[in-house]
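S.K.: Hey, dropping data_33.cif in here, mmCIF, C-alpha atoms and all ligand atoms:
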data_target
#
loop_
_atom_site.label_atom_id
_atom_site.label_comp_id
_atom_site.auth_asym_id
_atom_site.auth_seq_id
_atom_site.Cartn_x
_atom_site.Cartn_y
_atom_site.Cartn_z
CA MET A 1 24.74 87.23 -24.16
CA PRO A 2 28.27 87.17 -22.77
CA SER A 3 29.43 90.58 -21.70
CA PRO A 4 31.98 92.18 -24.03
CA GLY A 5 35.60 92.24 -23.00
CA ARG A 6 35.66 88.72 -21.68
CA ARG A 7 36.84 87.08 -24.88
CA ASP A 8 40.35 86.79 -23.50
CA ASP A 9 39.53 83.99 -21.10
CA ARG A 10 42.24 81.38 -21.35
CA ALA A 11 40.06 78.73 -19.88
CA ARG A 12 36.46 78.15 -20.80
CA PRO A 13 34.29 79.59 -18.06
CA VAL A 14 32.99 76.92 -15.75
CA THR A 15 32.37 79.02 -12.69
CA TYR A 16 29.91 81.84 -12.21
CA GLN A 17 29.55 84.27 -9.36
CA LEU A 18 26.40 86.21 -8.65
CA LEU A 19 26.76 89.54 -6.90
CA ILE A 20 23.62 89.75 -4.83
CA ARG A 21 22.16 92.75 -3.06
CA ILE A 22 19.70 92.50 -0.21
CA ASP A 23 17.86 95.70 0.59
CA ARG A 24 17.12 95.07 4.25
CA PRO A 25 17.37 92.14 6.66
CA ARG A 26 15.37 89.30 5.20
CA ARG A 27 14.21 86.12 6.83
CA VAL A 28 14.36 83.34 4.26
CA ARG A 29 13.51 79.67 4.42
CA VAL A 30 16.21 78.00 2.33
CA GLY A 31 14.54 74.71 1.52
CA ARG A 32 15.53 71.95 3.87
CA LEU A 33 18.64 73.79 4.97
CA GLY A 34 16.56 75.85 7.35
CA THR A 35 15.50 79.43 7.94
CA PHE A 36 18.06 82.19 8.20
CA VAL A 37 18.05 85.94 8.62
CA PHE A 38 20.22 87.54 5.94
CA PRO A 39 21.50 91.00 6.87
CA ALA A 40 21.13 93.78 4.33
CA GLY A 41 24.13 94.17 2.07
CA CYS A 42 26.33 92.52 -0.45
CA TYR A 43 26.67 88.81 -1.11
CA VAL A 44 28.54 86.65 -3.58
CA TYR A 45 27.19 83.25 -4.58
CA THR A 46 29.61 80.95 -6.39
CA GLY A 47 28.43 78.06 -8.51
CA SER A 48 29.58 76.08 -11.50
CA ALA A 49 28.26 74.30 -14.53
CA LYS A 50 30.71 72.36 -16.64
CA ARG A 51 28.19 72.31 -19.45
CA ALA A 52 25.56 74.88 -20.23
CA LEU A 53 26.89 77.67 -18.05
CA GLU A 54 24.75 80.34 -19.72
CA PRO A 55 21.45 78.48 -19.32
CA ARG A 56 22.30 78.06 -15.64
CA VAL A 57 23.06 81.74 -15.21
CA ASN A 58 19.91 82.71 -17.08
CA ARG A 59 17.92 80.40 -14.88
CA HIS A 60 19.24 82.17 -11.79
CA LEU A 61 18.20 85.50 -13.30
CA SER A 62 14.70 84.26 -14.06
CA ARG A 63 11.98 85.13 -11.60
CA THR A 64 9.73 82.25 -12.53
CA LYS A 65 11.10 78.82 -11.81
CA ARG A 66 10.75 75.96 -9.44
CA LEU A 67 12.79 76.38 -6.31
CA HIS A 68 15.53 73.78 -6.52
CA TRP A 69 18.92 75.17 -5.55
CA HIS A 70 19.44 76.91 -2.23
CA VAL A 71 20.10 80.14 -4.07
CA ASP A 72 16.68 79.86 -5.76
CA TYR A 73 15.01 80.43 -2.39
CA LEU A 74 17.13 83.47 -1.70
CA LEU A 75 16.62 85.01 -5.15
CA ALA A 76 12.87 84.44 -4.97
CA THR A 77 12.70 86.69 -1.91
CA PRO A 78 11.41 90.27 -2.38
CA GLY A 79 14.18 92.82 -2.07
CA VAL A 80 16.87 90.39 -3.18
CA ALA A 81 18.47 91.16 -6.55
CA VAL A 82 21.33 89.92 -8.70
CA GLU A 83 23.38 93.01 -9.48
CA SER A 84 25.96 91.40 -11.72
CA VAL A 85 27.37 88.12 -12.92
CA ARG A 86 31.02 87.21 -13.22
CA ARG A 87 32.25 84.19 -15.16
CA SER A 88 35.66 82.62 -14.88
CA GLY A 89 37.72 79.54 -15.57
CA THR A 90 38.74 79.36 -11.91
CA PRO A 91 37.50 76.20 -10.20
CA GLU A 92 34.36 76.83 -8.18
CA CYS A 93 35.76 76.30 -4.71
CA ALA A 94 38.91 78.33 -5.35
CA ALA A 95 36.79 81.19 -6.63
CA ASN A 96 34.52 80.90 -3.61
CA ARG A 97 37.41 81.02 -1.15
CA ALA A 98 38.87 84.04 -2.90
CA VAL A 99 35.70 85.96 -2.08
CA GLY A 100 36.41 85.98 1.64
CA GLY A 101 33.65 87.46 3.73
CA THR A 102 31.57 85.56 6.23
CA VAL A 103 29.13 82.66 6.09
CA PRO A 104 25.54 83.75 6.71
CA ALA A 105 24.01 80.28 6.24
CA PRO A 106 26.23 77.24 6.83
CA GLY A 107 25.92 74.67 4.05
CA PHE A 108 24.34 77.10 1.58
CA GLY A 109 25.04 75.93 -1.98
CA ALA A 110 27.69 73.56 -0.71
CA SER A 111 25.84 70.25 -0.95
CA ASP A 112 28.22 69.09 -3.70
CA CYS A 113 31.29 70.75 -2.24
CA ARG A 114 34.08 68.38 -1.35
CA ALA A 115 36.61 71.06 -0.56
CA GLY A 116 35.16 72.01 2.81
CA CYS A 117 34.14 75.54 1.88
CA GLY A 118 31.26 75.41 4.35
CA SER A 119 29.11 77.65 2.16
CA HIS A 120 29.14 78.92 -1.39
CA LEU A 121 27.32 82.05 -0.32
CA ARG A 122 29.48 84.71 1.28
CA PHE A 123 28.39 87.90 2.97
CA LEU A 124 30.69 90.84 2.29
CA GLY A 125 29.01 93.46 4.45
CA PRO A 126 26.93 96.55 3.78
CA TRP A 127 26.37 97.54 0.17
CA PRO A 128 28.96 100.20 -0.69
CA THR A 129 27.48 103.64 -1.05
CA SER A 130 30.61 105.51 -2.05
CA GLY A 131 31.66 103.55 -5.13
CA ARG A 132 34.03 101.41 -3.10
CA GLU A 133 35.00 98.23 -4.93
CA THR A 134 33.35 95.06 -3.74
CA GLY A 135 35.50 92.01 -3.32
CA THR A 136 36.54 90.25 -6.50
CA ILE A 137 33.79 91.74 -8.61
CA SER A 138 35.13 95.11 -9.54
CA HIS A 139 33.20 96.08 -12.65
CA PRO A 140 29.66 94.77 -12.49
CA ALA A 141 28.29 94.12 -15.93
CA ARG A 142 24.59 94.71 -15.70
CA ALA A 143 22.81 91.41 -15.76
CA THR A 144 20.73 90.91 -18.85
CA ARG A 145 17.34 89.32 -18.60
ZN ZN B 201 33.43 74.52 -2.20
#
In C-alpha cells, what does this structure look like?
M.R.:
Amino acid sequence: MPSPGRRDDRARPVTYQLLIRIDRPRRVRVGRLGTFVFPAGCYVYTGSAKRALEPRVNRHLSRTKRLHWHVDYLLATPGVAVESVRRSGTPECAANRAVGGTVPAPGFGASDCRAGCGSHLRFLGPWPTSGRETGTISHPARATR
C-alpha cells in the first residue's frame, strides 16, 4: 500500500528510489555487468515504471524471483536489505543525479539510461549511526512486504 502522507503528489509517481543497506563489504556478481565489491553502507537505487509502479516496487521487495534487473542480483545477496522506498514524479535520471554519492558499479541499472548518468545505483557512504539524515530520503517509510 502507498505510505500515508504522499497523497499530495502533483505528478503521478513514475520514479522509485530504494534505500539499500549493506551490512558489510559484499562481493556480488551483477549478471553480465561483472563482479563488484560493494562496501558496507548506504545506497540509493533509482528506477522508474511508467505503468505499474507498485508491482515493480513489490517485485524488488520480494525475495523470490528470477534475477533480471541488475538490482535483483544485489538484493538477492545476504546482508543486503531495502530499508525504505521513496516514490516521486521526478523523472528517473533527475532523481538519480540529485542523490549524489559515488558510483560503486559503472553501468548498474543504467542500461536504458540515455542521460549519461553512468549508474542508477549510488553509494552514499557508511550507514548513519547517529540519526543523521541520508541524502534525499529523509523519512524512511518502512517497506511493506
Ligand atoms: Zn539516468
S.K.: Of the residues A:Pro128, A:Pro106, A:Gly47, A:Gly100, which is the one nearest to ligand ZN 201 (chain B), using all atoms listed in the file?
M.R.: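 When distances to ligand ZN 201 (chain B) are compared using all atoms listed in the file, the smallest one comes from A:Gly47.
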S.K.: In terms of the shortest atom-to-atom distance over all atoms listed in the file, which of A:Leu61, A:Ala49, A:Asp72, A:Tyr16 is closest to Asn96 in chain A?
M.R.: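 Comparing A:Leu61, A:Ala49, A:Asp72, A:Tyr16 against Asn96 in chain A, the winner is A:Tyr16.
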S.K.: From the list A:Thr15, A:Ser62, A:Thr35, A:Thr129, which residue is nearest ligand ZN 201 (chain B) when using all atoms listed in the file?
M.R.: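 Once distances to ligand ZN 201 (chain B) are computed over all atoms listed in the file, the minimum belongs to A:Thr15.
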S.K.: Show me which residues line ligand ZN 201 (chain B), defined as having an atom within 12 Å of a ligand atom where all atoms listed in the file count, and present them as a count of residues only.
M.R.: 31
S.K.: Take CA of Arg63 in chain A and CA of Ala76 in chain A and report the distance between them in Å, one decimal.
M.R.: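 Going from CA of Arg63 in chain A over to CA of Ala76 in chain A covers 6.7 Å.
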S.K.: I'd like the neighbourhood of Phe36 in chain A as a ChimeraX atom specification, where a residue qualifies if any of its atoms comes within 12 Å (using only C-alpha atoms), though same-chain residues fewer than 3 positions away should be ignored.
M.R.: /A:25-33,39,70,73-74,103-108
S.K.: Quick check, in Å to one decimal: how far apart do CA of Val80 in chain A and CA of Trp127 in chain A lie?
M.R.: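 Calculated distance between CA of Val80 in chain A and CA of Trp127 in chain A is 12.4 Å.
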S.K.: Considering all atoms listed in the file, can you say which of A:Leu75, A:Leu67, A:Val82, A:Cys42 comes closest to Gly101 in chain A?
M.R.: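 The closest residue to Gly101 in chain A is A:Cys42.
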S.K.: In Å, rounded to a single decimal, give me how far CA of Gly125 in chain A is from CA of Gly89 in chain A.
M.R.: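 Pair CA of Gly89 in chain A / CA of Gly125 in chain A returns 25.9 Å.
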S.K.: Let me know the centre plus edge lengths, in Å and rounded to one decimal, of a box with edges along x, y and z that contains all listed atoms of range 119-125 of chain A and is padded by 4 Å on every side, as AutoDock Vina command-line options.
M.R.:
--center_x 29.0 --center_y 85.6 --center_z 1.5 --size_x 11.4 --size_y 23.8 --size_z 13.8
S.K.: Dig up all the protein and nucleic acid residues within 7 Å of (31.6, 85.0, -14.1) in the file frame, using only C-alpha atoms, and format them as a PDB file with C-alpha atoms, in the coordinates of the input.
M.R.:
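Saved file selection.pdb follows:
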ATOM      1  CA  THR A  15      32.370  79.020 -12.690  1.00  0.00           C
ATOM      2  CA  TYR A  16      29.910  81.840 -12.210  1.00  0.00           C
ATOM      3  CA  GLN A  17      29.550  84.270  -9.360  1.00  0.00           C
ATOM      4  CA  VAL A  85      27.370  88.120 -12.920  1.00  0.00           C
ATOM      5  CA  ARG A  86      31.020  87.210 -13.220  1.00  0.00           C
ATOM      6  CA  ARG A  87      32.250  84.190 -15.160  1.00  0.00           C
ATOM      7  CA  SER A  88      35.660  82.620 -14.880  1.00  0.00           C
TER       8      SER A  88
END
S.K.: Taking only C-alpha atoms into account, name the residue in A:Val71, A:Leu19, A:Val37, A:Val44 that is nearest to Glu83 in chain A.
M.R.: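 Under the stated criterion, the closest residue is A:Leu19.
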S.K.: Can you pull range 5-53 of chain A out of that block with N, CA and C atoms and hand it back as a PDB file, in the first residue's frame?
M.R.:
ATOM      1  N   GLY A   5       0.422  10.130   3.665  1.00  0.00           N
ATOM      2  CA  GLY A   5       1.110  11.413   3.606  1.00  0.00           C
ATOM      3  C   GLY A   5       1.709  11.710   2.261  1.00  0.00           C
ATOM      4  N   ARG A   6       1.484  10.852   1.287  1.00  0.00           N
ATOM      5  CA  ARG A   6       2.036  11.116  -0.023  1.00  0.00           C
ATOM      6  C   ARG A   6       0.930  11.353  -1.041  1.00  0.00           C
ATOM      7  N   ARG A   7      -0.243  11.723  -0.544  1.00  0.00           N
ATOM      8  CA  ARG A   7      -1.377  11.962  -1.416  1.00  0.00           C
ATOM      9  C   ARG A   7      -1.264  13.300  -2.134  1.00  0.00           C
ATOM     10  N   ASP A   8      -0.314  14.105  -1.716  1.00  0.00           N
ATOM     11  CA  ASP A   8      -0.224  15.471  -2.250  1.00  0.00           C
ATOM     12  C   ASP A   8       0.620  15.543  -3.514  1.00  0.00           C
ATOM     13  N   ASP A   9       1.082  14.406  -3.990  1.00  0.00           N
ATOM     14  CA  ASP A   9       1.902  14.423  -5.197  1.00  0.00           C
ATOM     15  C   ASP A   9       1.172  15.123  -6.329  1.00  0.00           C
ATOM     16  N   ARG A  10       1.839  16.109  -6.917  1.00  0.00           N
ATOM     17  CA  ARG A  10       1.232  16.794  -8.049  1.00  0.00           C
ATOM     18  C   ARG A  10       1.260  15.891  -9.263  1.00  0.00           C
ATOM     19  N   ALA A  11       2.379  15.273  -9.440  1.00  0.00           N
ATOM     20  CA  ALA A  11       2.519  14.378 -10.586  1.00  0.00           C
ATOM     21  C   ALA A  11       2.355  12.940 -10.107  1.00  0.00           C
ATOM     22  N   ARG A  12       1.838  12.117 -10.962  1.00  0.00           N
ATOM     23  CA  ARG A  12       1.737  10.703 -10.647  1.00  0.00           C
ATOM     24  C   ARG A  12       3.144  10.133 -10.504  1.00  0.00           C
ATOM     25  N   PRO A  13       3.380   9.367  -9.461  1.00  0.00           N
ATOM     26  CA  PRO A  13       4.728   8.827  -9.292  1.00  0.00           C
ATOM     27  C   PRO A  13       5.122   7.924 -10.461  1.00  0.00           C
ATOM     28  N   VAL A  14       6.272   8.174 -10.990  1.00  0.00           N
ATOM     29  CA  VAL A  14       6.805   7.318 -12.048  1.00  0.00           C
ATOM     30  C   VAL A  14       8.179   6.788 -11.662  1.00  0.00           C
ATOM     31  N   THR A  15       8.748   7.413 -10.660  1.00  0.00           N
ATOM     32  CA  THR A  15      10.102   7.073 -10.247  1.00  0.00           C
ATOM     33  C   THR A  15      10.074   6.528  -8.825  1.00  0.00           C
ATOM     34  N   TYR A  16      10.885   5.503  -8.594  1.00  0.00           N
ATOM     35  CA  TYR A  16      11.014   4.987  -7.236  1.00  0.00           C
ATOM     36  C   TYR A  16      12.485   4.949  -6.883  1.00  0.00           C
ATOM     37  N   GLN A  17      12.749   5.113  -5.605  1.00  0.00           N
ATOM     38  CA  GLN A  17      14.123   5.029  -5.125  1.00  0.00           C
ATOM     39  C   GLN A  17      14.158   4.087  -3.933  1.00  0.00           C
ATOM     40  N   LEU A  18      15.036   3.115  -4.015  1.00  0.00           N
ATOM     41  CA  LEU A  18      15.198   2.155  -2.931  1.00  0.00           C
ATOM     42  C   LEU A  18      16.391   2.572  -2.091  1.00  0.00           C
ATOM     43  N   LEU A  19      16.158   2.743  -0.805  1.00  0.00           N
ATOM     44  CA  LEU A  19      17.269   2.981   0.116  1.00  0.00           C
ATOM     45  C   LEU A  19      17.755   1.613   0.583  1.00  0.00           C
ATOM     46  N   ILE A  20      18.980   1.313   0.233  1.00  0.00           N
ATOM     47  CA  ILE A  20      19.519  -0.033   0.445  1.00  0.00           C
ATOM     48  C   ILE A  20      20.651   0.011   1.459  1.00  0.00           C
ATOM     49  N   ARG A  21      20.619  -0.957   2.346  1.00  0.00           N
ATOM     50  CA  ARG A  21      21.671  -1.051   3.368  1.00  0.00           C
ATOM     51  C   ARG A  21      22.440  -2.351   3.167  1.00  0.00           C
ATOM     52  N   ILE A  22      23.750  -2.233   3.171  1.00  0.00           N
ATOM     53  CA  ILE A  22      24.603  -3.412   3.081  1.00  0.00           C
ATOM     54  C   ILE A  22      25.399  -3.516   4.371  1.00  0.00           C
ATOM     55  N   ASP A  23      25.325  -4.688   4.990  1.00  0.00           N
ATOM     56  CA  ASP A  23      25.842  -4.828   6.358  1.00  0.00           C
ATOM     57  C   ASP A  23      27.362  -4.849   6.443  1.00  0.00           C
ATOM     58  N   ARG A  24      27.987  -5.461   5.440  1.00  0.00           N
ATOM     59  CA  ARG A  24      29.449  -5.484   5.402  1.00  0.00           C
ATOM     60  C   ARG A  24      29.862  -5.636   3.944  1.00  0.00           C
ATOM     61  N   PRO A  25      31.124  -5.427   3.625  1.00  0.00           N
ATOM     62  CA  PRO A  25      31.510  -5.487   2.215  1.00  0.00           C
ATOM     63  C   PRO A  25      31.065  -6.806   1.587  1.00  0.00           C
ATOM     64  N   ARG A  26      30.413  -6.686   0.454  1.00  0.00           N
ATOM     65  CA  ARG A  26      29.864  -7.866  -0.205  1.00  0.00           C
ATOM     66  C   ARG A  26      30.339  -7.921  -1.648  1.00  0.00           C
ATOM     67  N   ARG A  27      30.789  -9.103  -2.018  1.00  0.00           N
ATOM     68  CA  ARG A  27      31.208  -9.324  -3.392  1.00  0.00           C
ATOM     69  C   ARG A  27      30.017  -9.901  -4.143  1.00  0.00           C
ATOM     70  N   VAL A  28      29.580  -9.214  -5.189  1.00  0.00           N
ATOM     71  CA  VAL A  28      28.350  -9.603  -5.873  1.00  0.00           C
ATOM     72  C   VAL A  28      28.594  -9.679  -7.378  1.00  0.00           C
ATOM     73  N   ARG A  29      28.143 -10.784  -7.958  1.00  0.00           N
ATOM     74  CA  ARG A  29      28.160 -10.868  -9.416  1.00  0.00           C
ATOM     75  C   ARG A  29      26.843 -10.279  -9.920  1.00  0.00           C
ATOM     76  N   VAL A  30      26.947  -9.189 -10.652  1.00  0.00           N
ATOM     77  CA  VAL A  30      25.765  -8.467 -11.132  1.00  0.00           C
ATOM     78  C   VAL A  30      25.508  -8.870 -12.585  1.00  0.00           C
ATOM     79  N   GLY A  31      24.991 -10.071 -12.748  1.00  0.00           N
ATOM     80  CA  GLY A  31      24.698 -10.543 -14.098  1.00  0.00           C
ATOM     81  C   GLY A  31      25.901 -10.398 -15.010  1.00  0.00           C
ATOM     82  N   ARG A  32      25.612  -9.926 -16.204  1.00  0.00           N
ATOM     83  CA  ARG A  32      26.685  -9.792 -17.198  1.00  0.00           C
ATOM     84  C   ARG A  32      27.520  -8.540 -16.998  1.00  0.00           C
ATOM     85  N   LEU A  33      27.065  -7.683 -16.093  1.00  0.00           N
ATOM     86  CA  LEU A  33      27.800  -6.442 -15.855  1.00  0.00           C
ATOM     87  C   LEU A  33      29.173  -6.732 -15.257  1.00  0.00           C
ATOM     88  N   GLY A  34      29.225  -7.802 -14.461  1.00  0.00           N
ATOM     89  CA  GLY A  34      30.503  -8.167 -13.860  1.00  0.00           C
ATOM     90  C   GLY A  34      30.375  -8.353 -12.359  1.00  0.00           C
ATOM     91  N   THR A  35      31.500  -8.563 -11.712  1.00  0.00           N
ATOM     92  CA  THR A  35      31.528  -8.780 -10.272  1.00  0.00           C
ATOM     93  C   THR A  35      32.153  -7.564  -9.597  1.00  0.00           C
ATOM     94  N   PHE A  36      31.492  -7.112  -8.551  1.00  0.00           N
ATOM     95  CA  PHE A  36      31.945  -5.906  -7.859  1.00  0.00           C
ATOM     96  C   PHE A  36      31.941  -6.163  -6.359  1.00  0.00           C
ATOM     97  N   VAL A  37      32.807  -5.432  -5.651  1.00  0.00           N
ATOM     98  CA  VAL A  37      32.760  -5.454  -4.202  1.00  0.00           C
ATOM     99  C   VAL A  37      32.049  -4.178  -3.757  1.00  0.00           C
ATOM    100  N   PHE A  38      30.935  -4.359  -3.059  1.00  0.00           N
ATOM    101  CA  PHE A  38      30.159  -3.230  -2.565  1.00  0.00           C
ATOM    102  C   PHE A  38      30.512  -2.983  -1.109  1.00  0.00           C
ATOM    103  N   PRO A  39      31.048  -1.813  -0.801  1.00  0.00           N
ATOM    104  CA  PRO A  39      31.375  -1.515   0.598  1.00  0.00           C
ATOM    105  C   PRO A  39      30.119  -1.514   1.463  1.00  0.00           C
ATOM    106  N   ALA A  40      30.297  -1.751   2.745  1.00  0.00           N
ATOM    107  CA  ALA A  40      29.174  -1.656   3.671  1.00  0.00           C
ATOM    108  C   ALA A  40      28.658  -0.226   3.689  1.00  0.00           C
ATOM    109  N   GLY A  41      27.357  -0.072   3.867  1.00  0.00           N
ATOM    110  CA  GLY A  41      26.818   1.273   3.976  1.00  0.00           C
ATOM    111  C   GLY A  41      25.490   1.449   3.297  1.00  0.00           C
ATOM    112  N   CYS A  42      25.307   2.673   2.827  1.00  0.00           N
ATOM    113  CA  CYS A  42      24.018   3.164   2.387  1.00  0.00           C
ATOM    114  C   CYS A  42      24.031   3.431   0.882  1.00  0.00           C
ATOM    115  N   TYR A  43      23.046   2.898   0.211  1.00  0.00           N
ATOM    116  CA  TYR A  43      22.944   3.042  -1.243  1.00  0.00           C
ATOM    117  C   TYR A  43      21.551   3.518  -1.620  1.00  0.00           C
ATOM    118  N   VAL A  44      21.473   4.220  -2.747  1.00  0.00           N
ATOM    119  CA  VAL A  44      20.163   4.542  -3.311  1.00  0.00           C
ATOM    120  C   VAL A  44      20.134   4.040  -4.751  1.00  0.00           C
ATOM    121  N   TYR A  45      19.110   3.225  -5.031  1.00  0.00           N
ATOM    122  CA  TYR A  45      18.886   2.760  -6.397  1.00  0.00           C
ATOM    123  C   TYR A  45      17.667   3.477  -6.946  1.00  0.00           C
ATOM    124  N   THR A  46      17.807   4.072  -8.123  1.00  0.00           N
ATOM    125  CA  THR A  46      16.705   4.816  -8.737  1.00  0.00           C
ATOM    126  C   THR A  46      16.235   4.097  -9.987  1.00  0.00           C
ATOM    127  N   GLY A  47      14.938   3.854 -10.045  1.00  0.00           N
ATOM    128  CA  GLY A  47      14.354   3.223 -11.217  1.00  0.00           C
ATOM    129  C   GLY A  47      13.022   3.863 -11.535  1.00  0.00           C
ATOM    130  N   SER A  48      12.416   3.447 -12.624  1.00  0.00           N
ATOM    131  CA  SER A  48      11.117   4.011 -12.972  1.00  0.00           C
ATOM    132  C   SER A  48      10.246   2.963 -13.641  1.00  0.00           C
ATOM    133  N   ALA A  49       8.968   3.209 -13.554  1.00  0.00           N
ATOM    134  CA  ALA A  49       7.990   2.373 -14.243  1.00  0.00           C
ATOM    135  C   ALA A  49       6.813   3.274 -14.564  1.00  0.00           C
ATOM    136  N   LYS A  50       6.628   3.556 -15.817  1.00  0.00           N
ATOM    137  CA  LYS A  50       5.557   4.485 -16.187  1.00  0.00           C
ATOM    138  C   LYS A  50       4.193   3.884 -15.903  1.00  0.00           C
ATOM    139  N   ARG A  51       4.107   2.577 -16.038  1.00  0.00           N
ATOM    140  CA  ARG A  51       2.892   1.873 -15.644  1.00  0.00           C
ATOM    141  C   ARG A  51       3.275   0.874 -14.572  1.00  0.00           C
ATOM    142  N   ALA A  52       2.335   0.592 -13.713  1.00  0.00           N
ATOM    143  CA  ALA A  52       2.536  -0.472 -12.728  1.00  0.00           C
ATOM    144  C   ALA A  52       3.762  -0.234 -11.852  1.00  0.00           C
ATOM    145  N   LEU A  53       3.806   0.945 -11.261  1.00  0.00           N
ATOM    146  CA  LEU A  53       4.926   1.258 -10.365  1.00  0.00           C
ATOM    147  C   LEU A  53       4.920   0.345  -9.139  1.00  0.00           C
TER     148      LEU A  53
END
